[in-house]
$ cat query-v5.csv   # CSV, C-alpha atoms
chain,number,residue,atom,x,y,z
A,611,MET,CA,100.4,64.5,151.8
A,612,THR,CA,104.0,63.3,152.5
A,613,GLU,CA,106.4,65.7,154.1
A,614,GLN,CA,109.8,66.2,152.4
A,615,ALA,CA,112.9,65.9,154.5
A,616,PRO,CA,114.8,69.2,154.6
A,617,THR,CA,117.8,69.6,152.4
A,618,PRO,CA,121.0,69.3,154.4
A,619,LEU,CA,123.0,72.5,154.8
A,620,HIS,CA,126.3,72.9,153.2
A,621,TRP,CA,129.0,73.9,155.8
A,622,LYS,CA,132.7,74.7,156.2
A,623,LEU,CA,134.8,75.0,159.4
A,624,VAL,CA,136.2,78.5,159.7
A,625,ILE,CA,139.4,78.8,161.8
A,626,ASP,CA,140.9,82.1,162.9
A,627,ALA,CA,144.5,82.5,162.2
A,628,ALA,CA,147.4,85.0,162.4
A,629,ASP,CA,148.8,83.6,159.1
A,630,PRO,CA,146.0,81.8,157.2
A,631,HIS,CA,148.3,80.7,154.4
A,632,ALA,CA,150.8,78.9,156.7
A,633,GLN,CA,147.8,77.3,158.5
A,634,ALA,CA,146.4,76.2,155.2
A,635,ASP,CA,149.7,74.6,154.3
A,636,PHE,CA,149.9,72.8,157.6
A,637,TRP,CA,146.3,71.5,157.5
A,638,ALA,CA,146.5,70.6,153.8
A,639,ALA,CA,149.6,68.4,154.6
A,640,ALA,CA,148.1,67.1,157.8
A,641,LEU,CA,144.8,66.0,156.2
A,642,HIS,CA,146.2,65.3,152.7
A,643,TYR,CA,143.8,68.0,151.5
A,644,THR,CA,144.3,70.4,148.6
A,645,PRO,CA,144.7,74.2,149.1
A,646,GLU,CA,142.0,76.0,147.0
A,647,ASP,CA,143.1,77.9,144.0
A,648,ASN,CA,141.0,81.1,143.9
A,649,SER,CA,143.4,82.8,141.5
A,650,ALA,CA,140.8,83.1,138.7
A,651,LEU,CA,138.3,84.8,141.0
A,652,VAL,CA,141.0,87.0,142.5
A,653,GLU,CA,142.2,88.1,139.0
A,654,ARG,CA,138.6,88.7,137.9
A,655,LEU,CA,137.9,90.9,141.0
A,656,LEU,CA,141.1,92.8,140.5
A,657,SER,CA,140.3,93.5,136.8
A,658,LEU,CA,136.9,94.8,137.7
A,659,GLY,CA,138.3,97.0,140.4
A,660,ALA,CA,136.3,95.2,143.0
A,661,LEU,CA,139.4,94.1,144.9
A,662,ALA,CA,142.4,96.2,145.8
A,663,GLY,CA,145.8,94.9,145.1
A,664,GLU,CA,146.8,95.2,148.8
A,665,ALA,CA,144.1,92.7,149.6
A,666,THR,CA,146.0,90.0,147.7
A,667,VAL,CA,149.2,88.0,148.2
A,668,GLU,CA,151.1,85.5,146.1
A,669,TYR,CA,150.4,81.9,147.3
A,670,HIS,CA,152.1,79.0,145.6
A,671,GLY,CA,152.9,81.2,142.6
A,672,ARG,CA,149.3,82.4,142.2
A,673,PRO,CA,147.3,85.5,143.3
A,674,ALA,CA,145.2,84.8,146.4
A,675,PHE,CA,143.2,86.6,148.9
A,676,ARG,CA,145.4,88.1,151.6
A,677,ASP,CA,143.1,87.3,154.6
A,678,LEU,CA,141.4,84.1,153.5
A,679,ILE,CA,142.4,80.7,152.2
A,680,ALA,CA,140.7,77.3,152.3
A,681,VAL,CA,141.7,73.7,151.9
A,682,ARG,CA,139.4,71.0,150.6
A,683,HIS,CA,139.2,67.3,150.3
A,684,PRO,CA,140.8,66.4,147.0
A,685,ASP,CA,137.9,64.1,145.9
A,686,ASP,CA,135.1,66.7,146.6
A,687,PRO,CA,133.7,68.9,143.8
A,688,TYR,CA,134.6,72.5,143.5
A,689,ASP,CA,133.5,75.5,141.4
A,690,PRO,CA,136.1,75.8,138.6
A,691,GLY,CA,135.2,79.5,138.1
A,692,THR,CA,136.1,80.4,141.7
A,693,GLY,CA,138.2,77.5,142.9
A,694,THR,CA,135.8,77.2,145.9
A,695,GLY,CA,135.3,73.7,147.3
A,696,LEU,CA,131.7,72.4,147.4
A,697,GLY,CA,132.4,69.7,150.0
A,698,ARG,CA,134.6,69.2,153.0
A,699,ARG,CA,136.6,72.4,153.7
A,700,LEU,CA,138.5,74.3,156.3
A,701,LEU,CA,138.7,78.0,155.8
A,702,PHE,CA,141.4,80.0,157.5
A,703,GLN,CA,140.7,83.7,158.1
A,704,ARG,CA,143.2,86.3,159.3
A,705,VAL,CA,142.3,87.9,162.7
A,706,PRO,CA,144.3,90.5,164.5
A,707,GLU,CA,144.1,89.0,168.0
A,708,PRO,CA,146.1,85.9,169.2
A,709,LYS,CA,144.5,82.8,170.5
A,710,THR,CA,144.0,83.3,174.2
A,711,VAL,CA,141.8,80.4,175.5
A,712,LYS,CA,141.2,76.7,174.9
A,713,ASN,CA,139.4,75.8,171.6
A,714,ARG,CA,135.6,75.3,172.0
A,715,LEU,CA,135.7,73.2,168.8
A,716,HIS,CA,138.5,71.0,167.5
A,717,ILE,CA,139.4,68.5,164.9
A,718,ASP,CA,139.9,64.8,165.6
A,719,LEU,CA,142.2,62.8,163.2
A,720,HIS,CA,141.3,59.1,163.2
A,721,ALA,CA,144.6,57.3,162.5
A,722,GLY,CA,143.8,54.2,164.6
A,723,PRO,CA,146.0,52.6,167.3
A,724,GLU,CA,148.3,51.0,164.7
A,725,ARG,CA,149.1,54.3,162.9
A,726,ARG,CA,148.8,56.8,165.8
A,727,ALA,CA,152.5,57.1,166.6
A,728,ASP,CA,153.5,57.4,163.0
A,729,GLU,CA,150.9,60.1,162.4
A,730,VAL,CA,152.0,62.0,165.5
A,731,ALA,CA,155.6,62.0,164.3
A,732,ARG,CA,154.5,63.1,160.8
A,733,LEU,CA,152.4,66.0,162.3
A,734,GLN,CA,155.3,67.0,164.5
A,735,ALA,CA,157.6,67.2,161.4
A,736,LEU,CA,154.9,69.5,159.9
A,737,GLY,CA,155.1,71.9,162.9
A,738,ALA,CA,152.6,70.5,165.4
A,739,ARG,CA,153.5,69.7,169.0
A,740,VAL,CA,152.3,67.1,171.5
A,741,VAL,CA,150.4,68.7,174.4
A,742,ARG,CA,149.8,65.4,176.2
A,743,GLU,CA,149.0,61.7,175.7
A,744,VAL,CA,145.6,60.6,177.1
A,745,LYS,CA,144.8,57.1,178.2
A,746,GLU,CA,141.3,56.7,179.7
A,747,PRO,CA,138.8,53.9,179.9
A,748,ALA,CA,136.9,55.5,177.0
A,749,GLY,CA,139.9,55.5,174.7
A,750,GLN,CA,143.4,56.6,174.0
A,751,TRP,CA,144.6,59.6,171.9
A,752,VAL,CA,147.3,62.3,171.6
A,753,LEU,CA,146.3,65.9,172.2
A,754,MET,CA,148.4,68.1,169.9
A,755,ALA,CA,148.6,71.8,168.9
A,756,ASP,CA,149.0,73.1,165.4
A,757,PRO,CA,151.6,75.8,164.6
A,758,GLU,CA,149.2,78.5,165.9
A,759,ASP,CA,148.5,76.5,169.1
A,760,ASN,CA,145.0,75.3,168.0
A,761,GLU,CA,144.4,72.0,169.7
A,762,PHE,CA,143.4,68.8,167.9
A,763,CYS,CA,143.4,65.1,168.7
A,764,VAL,CA,145.0,62.1,167.0
A,765,GLN,CA,143.0,59.0,167.9

$ encode --input "query-v5.csv" --output "structure tokens"
Amino acid sequence: MTEQAPTPLHWKLVIDAADPHAQADFWAAALHYTPEDNSALVERLLSLGALAGEATVEYHGRPAFRDLIAVRHPDDPYDPGTGTGLGRRLLFQRVPEPKTVKNRLHIDLHAGPERRADEVARLQALGARVVREVKEPAGQWVLMADPEDNEFCVQ
């Protein structure tokens, strides 16, 4: 009897945020991702009375969840009924407390040495800041922080 390999798990990276929609806009632009359009789901939940109006906001001219918004890779599949991505996603969730310590998990953007400076400048124009430039025997990268001070690297 041959043993079947386990089915890989679907995942998303969840990031705490004071302003999830602003973070979604930053990371969608940074990664060239697409903000998810959950308006059909939000409208359906509102019409059923399963979601209160104060739990929603207008986001890019559409109703959205007030405390959650995700961005997804534009080529990945998504559920048209909910707008939820079925592939590579970042989900931003509102939390009341500010970031207080160094990230335990971060995103690395792989621009390559020939594009690194241009990407750093583009990300700064989007609202990121350079924390420091790192040159080590193992490699070279720029440590940056997004608009809510979450650190990430540009390699």

$ residues_near_point --input "query-v5.csv" --point "(150.1, 88.2, 164.8)" --cutoff "8 Å" --atoms "only C-alpha atoms" --output "NGL selection string"
:A and (628-629 or 706-708)

$ residues_near_point --input "query-v5.csv" --point "(137.4, 69.3, 147.7)" --cutoff "7 Å" --atoms "only C-alpha atoms" --output "ChimeraX atom specification"
/A:682-688,695-699

$ atom_distance --input "query-v5.csv" --atom1 "CA of Ala748 (chain A)" --atom2 "CA of Trp637 (chain A)"
26.9 Å

$ atom_distance --input "query-v5.csv" --atom1 "CA of Val705 (chain A)" --atom2 "CA of Asp626 (chain A)"
6.0 Å

$ closest_residue --input "query-v5.csv" --among "A:Ile717, A:Ala627, A:Ala615, A:Leu678" --to "Leu641 (chain A)" --atoms "all atoms listed in the file"
A:Ile717

$ atom_distance --input "query-v5.csv" --atom1 "CA of Leu701 (chain A)" --atom2 "CA of Val624 (chain A)"
4.7 Å

$ closest_residue --input "query-v5.csv" --among "A:Pro723, A:Ala640, A:Asp647, A:Arg704" --to "Phe762 (chain A)" --atoms "all atoms listed in the file"
A:Ala640

$ closest_residue --input "query-v5.csv" --among "A:Leu733, A:Leu700, A:Val744, A:Ala665" --to "Pro757 (chain A)" --atoms "only C-alpha atoms"
A:Leu733

$ closest_residue --input "query-v5.csv" --among "A:Val667, A:Leu651, A:Val681, A:Ala727" --to "Ala638 (chain A)" --atoms "only C-alpha atoms"
A:Val681

$ closest_residue --input "query-v5.csv" --among "A:Ala660, A:Val652, A:Val741, A:Leu719" --to "Phe675 (chain A)" --atoms "all atoms listed in the file"
A:Val652

$ residues_around --input "query-v5.csv" --residues "His631 (chain A)" --least-positions-apart "3" --cutoff "9 Å" --atoms "all atoms listed in the file" --output "PyMOL selection string"
chain A and resi 627+634-636+669+676-680+702-703

$ decode --input "query-v5.csv" --residues "region 634-753 of chain A" --atoms "C-alpha atoms" --output "CSV table (one decimal), in the first residue's frame"
chain,number,residue,atom,x,y,z
A,634,ALA,CA,-3.3,47.3,2.3
A,635,ASP,CA,-2.8,50.2,-0.1
A,636,PHE,CA,0.9,50.5,0.7
A,637,TRP,CA,1.5,46.7,0.4
A,638,ALA,CA,-0.6,46.4,-2.8
A,639,ALA,CA,1.5,49.1,-4.4
A,640,ALA,CA,4.8,47.8,-3.0
A,641,LEU,CA,4.2,44.2,-4.2
A,642,HIS,CA,2.0,45.1,-7.3
A,643,TYR,CA,-0.8,43.1,-5.7
A,644,THR,CA,-4.5,43.7,-5.9
A,645,PRO,CA,-6.6,44.8,-2.9
A,646,GLU,CA,-9.4,42.3,-2.4
A,647,ASP,CA,-13.0,43.4,-3.3
A,648,ASN,CA,-15.2,41.9,-0.6
A,649,SER,CA,-18.1,44.2,-1.3
A,650,ALA,CA,-20.5,41.5,-2.5
A,651,LEU,CA,-19.9,39.6,0.7
A,652,VAL,CA,-20.2,42.7,2.9
A,653,GLU,CA,-23.5,43.7,1.1
A,654,ARG,CA,-24.9,40.2,1.5
A,655,LEU,CA,-24.0,40.1,5.2
A,656,LEU,CA,-25.5,43.6,5.7
A,657,SER,CA,-28.8,42.6,4.0
A,658,LEU,CA,-29.1,39.5,6.2
A,659,GLY,CA,-28.5,41.5,9.3
A,660,ALA,CA,-25.4,39.4,10.1
A,661,LEU,CA,-23.1,42.5,9.9
A,662,ALA,CA,-23.7,45.9,11.5
A,663,GLY,CA,-23.3,49.0,9.4
A,664,GLU,CA,-20.7,50.3,11.8
A,665,ALA,CA,-18.5,47.3,11.1
A,666,THR,CA,-18.0,48.5,7.5
A,667,VAL,CA,-16.2,51.4,5.8
A,668,GLU,CA,-16.1,52.7,2.2
A,669,TYR,CA,-12.8,51.5,0.6
A,670,HIS,CA,-12.1,52.6,-3.0
A,671,GLY,CA,-15.8,53.4,-3.5
A,672,ARG,CA,-17.1,50.0,-2.3
A,673,PRO,CA,-18.3,48.7,1.1
A,674,ALA,CA,-15.6,46.8,3.0
A,675,PHE,CA,-15.0,45.3,6.4
A,676,ARG,CA,-13.9,48.0,8.8
A,677,ASP,CA,-11.3,45.9,10.6
A,678,LEU,CA,-10.0,43.6,7.8
A,679,ILE,CA,-8.7,43.9,4.3
A,680,ALA,CA,-6.4,41.7,2.3
A,681,VAL,CA,-4.3,42.1,-0.8
A,682,ARG,CA,-3.6,39.2,-3.2
A,683,HIS,CA,-1.3,38.3,-6.1
A,684,PRO,CA,-3.2,39.5,-9.3
A,685,ASP,CA,-2.7,36.2,-11.1
A,686,ASP,CA,-3.9,33.9,-8.3
A,687,PRO,CA,-7.5,32.6,-8.2
A,688,TYR,CA,-10.1,34.1,-6.0
A,689,ASP,CA,-13.7,33.3,-4.9
A,690,PRO,CA,-15.9,35.6,-7.0
A,691,GLY,CA,-18.7,35.3,-4.4
A,692,THR,CA,-16.6,36.7,-1.6
A,693,GLY,CA,-13.7,38.3,-3.3
A,694,THR,CA,-11.4,36.3,-1.1
A,695,GLY,CA,-8.1,35.3,-2.6
A,696,LEU,CA,-7.2,31.6,-2.9
A,697,GLY,CA,-3.5,32.0,-3.3
A,698,ARG,CA,-0.8,34.4,-2.1
A,699,ARG,CA,-2.3,36.9,0.3
A,700,LEU,CA,-1.6,39.4,3.0
A,701,LEU,CA,-4.4,40.1,5.4
A,702,PHE,CA,-4.3,43.3,7.5
A,703,GLN,CA,-6.4,43.3,10.7
A,704,ARG,CA,-7.1,46.2,13.0
A,705,VAL,CA,-5.6,45.9,16.5
A,706,PRO,CA,-5.9,48.5,19.3
A,707,GLU,CA,-2.3,48.4,20.5
A,708,PRO,CA,0.7,49.9,18.6
A,709,LYS,CA,3.7,48.0,17.5
A,710,THR,CA,6.2,47.9,20.4
A,711,VAL,CA,8.9,45.5,19.5
A,712,LYS,CA,10.9,44.1,16.6
A,713,ASN,CA,9.0,41.9,14.1
A,714,ARG,CA,9.4,38.2,14.6
A,715,LEU,CA,8.4,37.6,11.0
A,716,HIS,CA,9.1,39.9,8.0
A,717,ILE,CA,8.8,40.1,4.3
A,718,ASP,CA,11.8,40.1,2.0
A,719,LEU,CA,11.4,41.7,-1.4
A,720,HIS,CA,13.8,40.3,-4.0
A,721,ALA,CA,14.6,43.2,-6.4
A,722,GLY,CA,18.2,42.1,-7.2
A,723,PRO,CA,21.3,44.2,-6.9
A,724,GLU,CA,20.6,46.0,-10.2
A,725,ARG,CA,17.1,47.1,-9.2
A,726,ARG,CA,17.5,47.5,-5.4
A,727,ALA,CA,18.2,51.3,-5.3
A,728,ASP,CA,15.2,52.0,-7.6
A,729,GLU,CA,12.9,49.8,-5.6
A,730,VAL,CA,14.0,51.4,-2.3
A,731,ALA,CA,13.3,54.9,-3.8
A,732,ARG,CA,9.9,53.7,-5.1
A,733,LEU,CA,9.0,52.3,-1.7
A,734,GLN,CA,10.1,55.5,0.0
A,735,ALA,CA,7.8,57.4,-2.3
A,736,LEU,CA,5.0,55.1,-1.1
A,737,GLY,CA,5.7,55.9,2.5
A,738,ALA,CA,8.3,53.5,3.7
A,739,ARG,CA,11.6,54.6,5.3
A,740,VAL,CA,15.1,53.2,5.2
A,741,VAL,CA,16.2,51.8,8.6
A,742,ARG,CA,19.7,50.9,7.5
A,743,GLU,CA,21.7,49.4,4.7
A,744,VAL,CA,23.3,46.0,5.4
A,745,LYS,CA,26.5,44.7,3.8
A,746,GLU,CA,27.7,41.4,5.1
A,747,PRO,CA,29.7,38.5,3.6
A,748,ALA,CA,26.3,36.6,3.3
A,749,GLY,CA,24.8,39.4,1.2
A,750,GLN,CA,23.6,42.9,0.9
A,751,TRP,CA,20.1,44.4,1.5
A,752,VAL,CA,18.2,47.4,2.7
A,753,LEU,CA,16.2,47.1,5.9
